[in-house]
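Beneath this line is the structure, given in C-alpha cells, with notes to follow.
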Amino acid sequence: MAFDYLIVGAGFSGSVLAERLARVAGKRILLIDKRPHIAGNAYDHFDEAGVQVHKYGPHIFHTNSKEVFDYLSQFTEWRPYQHRVKASVDGQLLPIPINLDTVNGLYGLSMSSYDVESFFNAAAERVEQVKTSEDVIVNRVGRELYEKFFRNYTRKQWGMDPSELDAQVTARVPVRTNRDDRYFTDTYQVMPRRGYTRMFERMIDHPNIKVLLNTTYAEIVDEIAHAEVIYTGPVDEYFDYCYGKLPYRSLRFEFETFDTPQVQPVAVINYPNEQPYTRVTEFKHLTGQVHAKTTVVYEYPQAEGDPYYPVPRPENTALYQQYKALADATAGVHFVGRLGTYKYYNMDQVTAQALTLFARITGRPRAEISAAVPVPATVRS
C-alpha cells in the first residue's frame, strides 16, 4: 500500500497534520516515531505508584487562539487550571513572575501598586538598546532583582550568562505591579481532563492513519512507498549536519514519589540559586488527580541529550537559515515544528503552525482548516 504522506514524528505537529490530512482531505498517512509512544514531549502516563506524570517535564496548555482551542476540543474534555509558580529566594517562596507580593515579601514592605511601580523605576538601569536577556530585566526592575531571580537560573538553564543570550529569553516573562500571581494570562487556560496521551490517541484514531513506533526515518524512507514527507525532526539531522549541528539545550529528569498527598503549595517551584536543578514540578496540581501519594520531577539542564530548546543566539539563527534554504529547495518534504524550524513554540503555537501548513498544502481556506469533522463515538469516549 502506498501512502500519500509519510509523517515523521507523532507529537503535536505530526499528529495534527495526520488527523487533518486523513479526516478532512481523505489522505492515506503513515505516522512514525522513533520513541515507543505517541504524543511527543507531551506524553503522559501513570508511574509505578499510580500517579499521572509528564515524562518530559510539565506541559501546561494555554492559548489566546479560539481556533486552536476549538480544534483540540474535538479530542479532549478539559479541566480548568491556572498555573502558579514560586521561586525559592532568600529562604522564601515568592511569586514568579515578579509582582507586588514578590517585592513586598522579599523586602518586608507593604507597598501599593503605585509604590512598586515607583520602586521599579528607581531601581531600573535604563538600557538605550535592549539586545540581551540581561538588558530586558535590568532595564525593567534593576540589577538586584535580576541577580536574585534571573541570572543564575538562566545560567543553569542555558549554560551561559544572560548577557550572552538574545532578549527573547527573558522577554517572555512579565513583571507586574498588581497581585496577579498567575504565570499565564491567556484566555484559555486548561488541561486535558484525561491527559495528553489520551487526547493524541483520539486525534490519530482514523482508518487512514497507520502508526509505527520505535521507527526512524532512515529505517523506513526507502522501504514503504509514499508521495510526500512531513518532517518534524531536527532539520540539521535530515541534511546529515552538512553545515554543522544546530545547538540545543537538553534536560535530565529525576522523578521522586512521596508517601503523602502533596508536598508543594503550587505546581512548580523555581530554584534560581542554591540547587543544581532549575525547578521542581508536582504533577497532581496540573492533573487534578486525587491520590494518596504524589510524584515530583527535578529538572537538570544539560548540553547533551534530546534536543529541547533551540539556543537563541544570532550565529545559531544564521546557521539555521542555511538549513532553511536547503529545506525550501527540497521538493516533496515539508519541515514543521520546533525541531523542523529551529524555533521554540508553545503547544498552541505549534498546533497553529501545523494547521497553517495543512491549509497551504491542501489549498483550503483558513476558515476550513480547523473545522470540526464528526469523530466516531468510540474515539470520543
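So you can find residues: chains in the C-alpha cells are A, B, ... in the order shown, residues in each start at 1, and ligands are numbered from 1 in order.
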Any chance you could tabulate, as a tab-separated table, the residues of stretch 233-350 of chain A at most 6 Å from stretch 141-162 of chain A with each one's nearest atom pair and distance in Å to one decimal, using only C-alpha atoms, in chain and rising number order?
residue	atom	partner	partner_atom	distance
A:Pro272	CA	A:Tyr153	CA	4.2
A:Asn273	CA	A:Asn152	CA	5.7
A:Pro301	CA	A:Gln157	CA	5.4
Requested in this report: Would you return as a PyMOL selection string the members of stretch 41-250 of chain A that DSSP assigns to helix (DSSP H, G or I) on this structure's backbone?
Outcome: chain A and resi 41-42+66-72+100-107+113-123+133-141+143-158+162-164+168-171+196-203+217-220+235-238
Requested in this report: Fewer than 4 positions away in the same chain doesn't count, so skip those; otherwise give me all residues within 7 Å of A:Met203, counting only C-alpha atoms, as a list of chain:residue names.
Outcome: A:Glu19, A:Phe75, A:Met199
Query - Residue among A:Thr351, A:Thr132, A:Leu286, A:Arg193 lying closest to A:Thr63, counting only C-alpha atoms - result: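 Once distances to A:Thr63 are computed over only C-alpha atoms, the minimum belongs to A:Thr351.
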Query raised in the report: Using only C-alpha atoms, which of the listed residues (A:Ile32, A:Val263, A:Leu213, A:Val336) sits closest to A:Pro234?
Result: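 Checking each candidate against A:Pro234, we get A:Val336 as the closest.
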Need the shell around stretch 51-55 of chain A: protein/DNA/RNA residues with any atom at most 9 Å away, counting only C-alpha atoms. Skip same-chain ones fewer than 5 positions apart. Format as a short mmCIF file (atom, residue, chain, number, x, y, z; two decimals) with C-alpha atoms, in the first residue's frame?
data_model
loop_
_atom_site.label_atom_id
_atom_site.label_comp_id
_atom_site.auth_asym_id
_atom_site.auth_seq_id
_atom_site.Cartn_x
_atom_site.Cartn_y
_atom_site.Cartn_z
CA ASN A 41 7.24 15.59 24.59
CA ALA A 42 3.66 15.98 25.83
CA TYR A 43 3.44 12.24 26.56
CA ASP A 44 1.97 11.45 29.97
CA HIS A 45 1.42 8.15 31.78
CA PHE A 46 0.85 6.63 35.22
CA GLY A 195 -4.23 13.62 29.83
CA TYR A 196 -2.33 14.48 26.67
CA PHE A 253 14.69 14.43 34.71
CA THR A 257 7.44 9.74 44.74
CA GLU A 282 4.43 18.32 41.39
CA PHE A 283 2.09 16.85 38.79
CA LYS A 284 -1.11 16.47 40.79
CA THR A 287 -3.80 16.90 36.53
CA GLN A 289 -5.66 13.64 40.30
CA VAL A 290 -6.74 12.52 43.77
CA HIS A 291 -4.22 10.02 45.12
CA LYS A 293 0.83 9.57 47.01
CA THR A 294 2.44 12.29 44.94
CA THR A 295 5.29 12.44 42.41
CA VAL A 296 7.60 15.33 41.59
CA VAL A 297 10.26 15.79 38.95
#
Query raised in the report: Near stretch 317-329 of chain A, counting only C-alpha atoms, which residues have an atom at most 8 Å away, once you skip same-chain residues fewer than 5 positions from it, shown as an MDAnalysis selection string?
Result: chainID A and resid 235:236 239 243 246 312 334:335 341:342
